[in-house]
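**Student:** What follows is a single structure, and I will ask about it in a moment.
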Amino acid sequence: MADQSGGGIDTVMHEERLFPPPPEFAAQARIKSMEEYESLWRKAAADLPKFWGDMARDELHWFEPFDETLRWNEPVAEWFVGGKTNACYNCVDKHVVEGHGDRTAIIWEGEPGDERTLTYAELLSEVRKCANALKSLGIRAGDVVSLYMPMTPELAIAMLACARVGAIHSVIFAGFSAEAIAERNNDAGAKLVITADGGWRRGKVLPLKETVDKALAKSSTVEHCIVLKRAGDVVAMQEDRDHWWHDVVDGASDQCPAEPLDSETPLFILYTSGSTGKPKGIKHTTAGYSLYAKKTFQWVFDHRDDDVYWCTADCGWITGHSYVVYGPLAAGAKVLMYEGAPNHPAEDRFWDIVERHKVTVFYTAPTAIRAFIKWGDEWVEKHDLSSLRLLGTVGEGINPEAWMWYHKVIGNERCPIVDTWWQTETGGIMMSPLPGAIATKPGSCTKPLPGIVPAIVDSDGHEVPTDQGGWLTVTHPWPGMLRGIWGDMDRYQEVYWSQVPGKYLAGDNARCDVDGYYWIMGRIDDVLNVSGHRLSTIEIESALVSHPAVAEAAAVGRPHDLKGEAVAVFVTLKQAEPGDELRTELRQHVRNEIGALAQPDDIRFTGSLPKTRSGKIMRRLLKDIAAGREAVGDTTTLEDYSVLARLRSDDE
Ligand code: WT7
């Protein structure tokens, strides 16, 4: 339930730094100036269906053209009605047909150091074989296939093979438990699970098949399981149900046409945990999603044919769907994929990969950036990162000081940074700098992409004034938007379309400054209410992170008799000594940076913060701890359970 107190949030942050696109970068960029961006944005907003319709005709391959761009019965959107296309065809066949089959599609590196490169022609052949294997096991258009796999080329191949035959993939991050797999299999009615014997993580093998076996004992709809041999460990194979990938895929025919599919054919389900309640199966469909992933990839990453593009996200998250697989492959990019941990065998693994493969565009998450900062600059300095030309971030707000570190230490003050705001639900990036056109401000995701019209509103749906925080909404449908929650259209309507009439409610707070720059202020449910002033988590956290001793910080409200809520913060340190002296100093520091109101009442030092497996700080759990309650909320998405126990016993 979103906070009902009116939506207005006080901003206390003052960020004045501005980084215009380097002229050499802008000169070669797809969109070269603010004027060009603004005119494109205005043209799009003036006639959205025309903008998206023309683009869809230009960018996608159509077996049959569509005759209606958008049919909108809020909250149900149908895009490119009457057309037939295929997401896999757009990502693979199209390039081969156009004579680019010998271009590199995927450069893969396993954690142990093994490497593999696939051209678009080779990828096509692998995808066709996999599609034939799916068919041989009875998979047809509309069937759901769960993928529980390590980050190997076969994961991308399996996703594309599903798309090719019209099956719906549901990728389940290969760190989730058997319970989580079974819950997702059952909710989606999955018929097939594809997994591996194991996957490498920090020098150890994760026993994926063993976990799937436990899940399958409770997944009554699943008929078959395909097992990729990755780690070489001995695994149990159940006759008739389980099949080795190399038996069913390698021997299959490499001829298999891509199925012409209606635009609105479901492409995938991706489960995302709400803060409470059971995970939501976010549904995306074929044509709109394909277009949106491709175009936003080209715009935001300013894609060029000679780029070596690396997004570090796992395909278990939406970032891996849109910006490892569907966006970059549709654009014909050279995509780097890495299987393992950033600190194996040592803390410089990522920089070693960047140097060896001459990565030009690098896209990662704030949680990773904060880890790099904590590990120390010496790991970066060992490597030549001069191939990089563009950096990106996604997943949480990035604290301005972490942004500055990324800019200086990784980007050598040369590379623009794209701070991309979007969600599993939005399918692709919604707000981000266009790196050749829009000057950046550390901590701001800057401006909406062409075709996206945001509005920040109060709980009555009225737009709030400049620099006032409120609920972030999107005022018009866009092709990449979710089409529903799997099996629960009522919940879809209720969560995203009921509280603000006529607009998509993102669930985040934001403000827009005098220059029209957007600043995400955190989740609506996380706002602190101190003496009637409503404060955003990210602003307090950013003030703390700007202190040299602090690596990470999380701010939550805890009940307070007089103030309503007091500010409680959890802080992890770089090298410094925790203690009362530092506590006093941090309090003073926050006071100086953003004012007395936001000054923390409680400061707790901790070795680590509770995070989701995708790296987001779980403030909800910290709120319980700050209030002295047992964590009551859902903890199934917590990455490391021991963090909670340690936090409770940390009460020095
Ligand atoms: C939520 C969506 C989008 C792919 C990965 C996460 C937060 C995401 C930013 C950003 C501030 C951000 C928002 C959003 N978020 N990007 N650049 N600045 N906050 O997808 O798991 O669906 O999470 O992540 O709160 O609503 P997701």
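Labels for the structure tokens follow display order: chains A, B, ..., residues from 1 in each chain, ligands from 1.
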Show me which residues line ligand 1, defined as having an atom within 8 Å of a ligand atom where only C-alpha atoms and all ligand atoms count, and present them as a ChimeraX atom specification.

**Tutor:** /A:272,317-319,393-398,419-426,428-429,432,443-445,506-508,519-523,614,616

**Student:** Deliver the residues from the most recent selection as a file, using C-alpha atoms, as a short mmCIF file (atom, residue, chain, number, x, y, z; two decimals), in the first residue's frame.

**Tutor:**
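Listing of selection.cif after writing:
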```cif
data_model
loop_
_atom_site.label_atom_id
_atom_site.label_comp_id
_atom_site.auth_asym_id
_atom_site.auth_seq_id
_atom_site.Cartn_x
_atom_site.Cartn_y
_atom_site.Cartn_z
CA THR A 272 9.81 -9.98 -9.05
CA TRP A 317 17.04 -10.25 -13.76
CA ILE A 318 15.27 -7.97 -16.21
CA THR A 319 18.56 -6.19 -16.90
CA THR A 393 24.50 2.01 -13.73
CA VAL A 394 21.12 0.55 -12.77
CA GLY A 395 19.19 -1.01 -9.92
CA GLU A 396 19.25 1.58 -7.16
CA GLY A 397 20.04 5.21 -6.82
CA ILE A 398 23.75 5.84 -7.04
CA ASP A 419 22.36 6.40 -14.67
CA THR A 420 19.38 4.47 -16.01
CA TRP A 421 16.07 4.43 -14.16
CA TRP A 422 13.62 1.65 -15.01
CA GLN A 423 11.94 -1.45 -13.59
CA THR A 424 11.16 -5.07 -14.38
CA GLU A 425 7.71 -3.75 -15.19
CA THR A 426 8.85 -1.11 -17.68
CA GLY A 428 13.47 -1.17 -20.66
CA ILE A 429 15.13 2.08 -19.65
CA SER A 432 18.62 8.15 -18.58
CA GLY A 443 22.81 11.08 -8.63
CA SER A 444 20.25 12.11 -11.25
CA CYS A 445 18.90 9.84 -13.98
CA ALA A 506 5.92 3.21 -10.55
CA GLY A 507 6.10 2.95 -6.76
CA ASP A 508 9.10 5.29 -6.50
CA TRP A 519 16.02 12.58 -9.07
CA ILE A 520 14.73 9.23 -7.81
CA MET A 521 14.18 9.44 -4.05
CA GLY A 522 13.58 5.78 -3.21
CA ARG A 523 10.54 3.56 -2.85
CA SER A 614 20.10 -8.55 -7.13
CA LYS A 616 19.31 -3.88 -3.47
#
```

**Student:** Each residue of region 312-342 of chain A lying at most 8 Å from region 146-168 of chain A should get a row with its shortest atom-to-atom pair and the distance in Å to one decimal, counting only C-alpha atoms; could you produce that, ordered by chain and increasing number, as a Markdown table?

**Tutor:**
```
| residue | atom | partner | partner_atom | distance |
| --- | --- | --- | --- | --- |
| A:Asp314 | CA | A:Met151 | CA | 6.5 |
| A:Cys315 | CA | A:Met151 | CA | 7.0 |
| A:Val325 | CA | A:Ala156 | CA | 6.5 |
| A:Met337 | CA | A:Met151 | CA | 7.2 |
| A:Tyr338 | CA | A:Met151 | CA | 6.6 |
| A:Glu339 | CA | A:Met151 | CA | 4.6 |
| A:Gly340 | CA | A:Met151 | CA | 7.7 |
```

**Student:** Which residue gives the smallest distance to Val527 (chain A) among A:Tyr37, A:Trp471, A:Tyr492, A:Phe173, with only C-alpha atoms counted?

**Tutor:**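 Nearest candidate to Val527 (chain A) out of A:Tyr37, A:Trp471, A:Tyr492, A:Phe173: A:Trp471.
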
**Student:** From the list A:Lys294, A:Gly557, A:Pro345, A:Ile617, which residue is nearest Met55 (chain A) when using only C-alpha atoms?

**Tutor:**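 Looking at the shortest contact to Met55 (chain A), the residue is A:Lys294.
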
**Student:** Within region 89-121 of chain A, find each residue whose DSSP state, derived from the backbone, is alpha helix (DSSP H), and express the selection as a compact mmCIF listing (two decimals) with all heavy atoms, in the first residue's frame.

**Tutor:**
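Dumped everything to part.txt:
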```
# COMPACT_ATOMS: atom_id res chain seq x y z
N LYS A 94 17.75 -12.08 -38.50
CA LYS A 94 17.78 -10.82 -39.24
C LYS A 94 19.22 -10.45 -39.63
O LYS A 94 19.48 -10.05 -40.76
CB LYS A 94 17.16 -9.73 -38.36
CG LYS A 94 16.85 -8.42 -39.06
CD LYS A 94 15.94 -7.57 -38.17
CE LYS A 94 15.50 -6.29 -38.85
NZ LYS A 94 16.53 -5.26 -38.88
N HIS A 95 20.14 -10.60 -38.71
CA HIS A 95 21.53 -10.22 -38.99
C HIS A 95 22.16 -11.16 -40.02
O HIS A 95 22.93 -10.74 -40.87
CB HIS A 95 22.36 -10.22 -37.71
CG HIS A 95 21.74 -9.39 -36.63
ND1 HIS A 95 21.46 -8.06 -36.78
CD2 HIS A 95 21.30 -9.72 -35.38
CE1 HIS A 95 20.90 -7.60 -35.68
NE2 HIS A 95 20.78 -8.59 -34.82
N VAL A 96 21.82 -12.44 -39.91
CA VAL A 96 22.38 -13.41 -40.85
C VAL A 96 21.81 -13.15 -42.24
O VAL A 96 22.55 -13.08 -43.23
CB VAL A 96 22.09 -14.85 -40.36
CG1 VAL A 96 22.63 -15.88 -41.36
CG2 VAL A 96 22.70 -15.07 -38.97
N VAL A 97 20.51 -12.94 -42.30
CA VAL A 97 19.86 -12.64 -43.58
C VAL A 97 20.45 -11.37 -44.22
O VAL A 97 20.61 -11.30 -45.43
CB VAL A 97 18.32 -12.48 -43.36
CG1 VAL A 97 17.64 -11.92 -44.60
CG2 VAL A 97 17.70 -13.81 -42.96
N TYR A 120 26.98 -14.52 -35.09
CA TYR A 120 25.52 -14.57 -35.26
C TYR A 120 25.10 -15.82 -36.02
O TYR A 120 24.07 -16.43 -35.70
CB TYR A 120 25.01 -13.28 -35.91
CG TYR A 120 24.83 -12.18 -34.88
CD1 TYR A 120 25.86 -11.28 -34.59
CD2 TYR A 120 23.65 -12.09 -34.15
CE1 TYR A 120 25.70 -10.30 -33.61
CE2 TYR A 120 23.48 -11.11 -33.18
CZ TYR A 120 24.51 -10.22 -32.90
OH TYR A 120 24.35 -9.27 -31.92
N ALA A 121 25.89 -16.27 -37.00
CA ALA A 121 25.54 -17.50 -37.75
C ALA A 121 25.60 -18.72 -36.83
O ALA A 121 24.72 -19.59 -36.87
CB ALA A 121 26.47 -17.67 -38.95
```

**Student:** Which value, in Å to one decimal, gives the distance between CA of Lys374 (chain A) and CA of Pro610 (chain A)?

**Tutor:**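 So the two atoms, CA of Lys374 (chain A) and CA of Pro610 (chain A), lie 16.5 Å apart.
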
**Student:** For CA of Leu336 (chain A) and CA of Glu355 (chain A), quote the distance in Å rounded to one decimal.

**Tutor:** 12.6 Å

**Student:** Can you tell me which residues surround Ala330 (chain A) at a distance of at most 8 Å, considering only C-alpha atoms, apart from same-chain residues fewer than 3 positions away, and format the answer as a list in words?

**Tutor:**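 Those residues are Asn90, Cys91, Val92, Ser290, Lys294, Tyr326, Gly327 and Ala333 of chain A.
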
**Student:** Running DSSP on the backbone, which parts of region 443-620 of chain A land in strand (DSSP E or B), as a PyMOL selection string?

**Tutor:** chain A and resi 446+448+454-457+463+469-474+484-485+504-512+518-523+528-530+533-535+550-560+564-573+602-605+611-612+617

**Student:** Which residues are close to Val545 (chain A), i.e. within 9 Å by only C-alpha atoms, leaving aside same-chain residues fewer than 3 positions away? Reply as a PyMOL selection string.

**Tutor:** chain A and resi 399-402+540-542+548-553+571

**Student:** Contacts of Ala626 (chain A) at 8 Å or less, counting only C-alpha atoms, minus same-chain residues fewer than 3 places along, as an mmCIF file with N, CA and C atoms, in the first residue's frame?

**Tutor:**
```cif
data_model
loop_
_atom_site.group_PDB
_atom_site.id
_atom_site.type_symbol
_atom_site.label_atom_id
_atom_site.label_comp_id
_atom_site.auth_asym_id
_atom_site.auth_seq_id
_atom_site.Cartn_x
_atom_site.Cartn_y
_atom_site.Cartn_z
ATOM 1 N N VAL A 556 16.598 4.360 7.660
ATOM 2 C CA VAL A 556 15.190 3.979 7.850
ATOM 3 C C VAL A 556 14.608 4.804 8.999
ATOM 4 N N GLY A 557 13.286 4.832 9.067
ATOM 5 C CA GLY A 557 12.639 5.494 10.192
ATOM 6 C C GLY A 557 12.343 4.477 11.282
ATOM 7 N N ARG A 558 12.455 4.901 12.530
ATOM 8 C CA ARG A 558 11.978 4.042 13.625
ATOM 9 C C ARG A 558 11.030 4.870 14.487
ATOM 10 N N ALA A 568 17.200 6.335 11.759
ATOM 11 C CA ALA A 568 18.153 5.290 12.137
ATOM 12 C C ALA A 568 18.963 4.924 10.907
ATOM 13 N N LEU A 622 15.634 -3.715 7.796
ATOM 14 C CA LEU A 622 16.363 -2.839 8.714
ATOM 15 C C LEU A 622 15.405 -2.033 9.584
ATOM 16 N N LYS A 623 14.262 -1.721 9.015
ATOM 17 C CA LYS A 623 13.244 -0.988 9.754
ATOM 18 C C LYS A 623 12.780 -1.801 10.968
ATOM 19 N N ARG A 629 12.040 -4.904 16.483
ATOM 20 C CA ARG A 629 11.127 -6.016 16.180
ATOM 21 C C ARG A 629 11.903 -7.134 15.515
#
```

**Student:** Given the choices A:Trp405, A:Trp478, A:Trp62, A:Tyr323, which gets closest to Trp79 (chain A) if the distance is worked out from only C-alpha atoms?

**Tutor:**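 Ranking A:Trp405, A:Trp478, A:Trp62, A:Tyr323 by distance to Trp79 (chain A), first place goes to A:Trp478.
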
**Student:** Quick one: distance from CA of Thr537 (chain A) to CA of Asn509 (chain A) in Å, one decimal?

**Tutor:**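 Atom-to-atom, CA of Thr537 (chain A) and CA of Asn509 (chain A) are spaced 10.2 Å apart.
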
**Student:** Would you mind telling me which residue in A:Cys512, A:Ala217, A:Cys225, A:Leu391 lies nearest to Arg241 (chain A) when using only C-alpha atoms?

**Tutor:** A:Cys225

**Student:** Of the residues A:Thr69, A:Gln468, A:Thr265, A:Asn132, which is the one nearest to Asp47 (chain A), using only C-alpha atoms?

**Tutor:**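 Going through A:Thr69, A:Gln468, A:Thr265, A:Asn132 one by one, the smallest distance to Asp47 (chain A) is for A:Thr69.
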
**Student:** Between A:Asp307, A:Asp302, A:Glu183, A:Glu565, which one has atoms that come closest to Gly281 (chain A), using only C-alpha atoms?

**Tutor:** A:Glu183

**Student:** So that I can check the surroundings of region 18-32 of chain A, please list as a count of residues only every protein, DNA and RNA residue that reaches within 7 Å of it, counting only C-alpha atoms and ignoring chain neighbours fewer than 5 positions away.

**Tutor:** 10
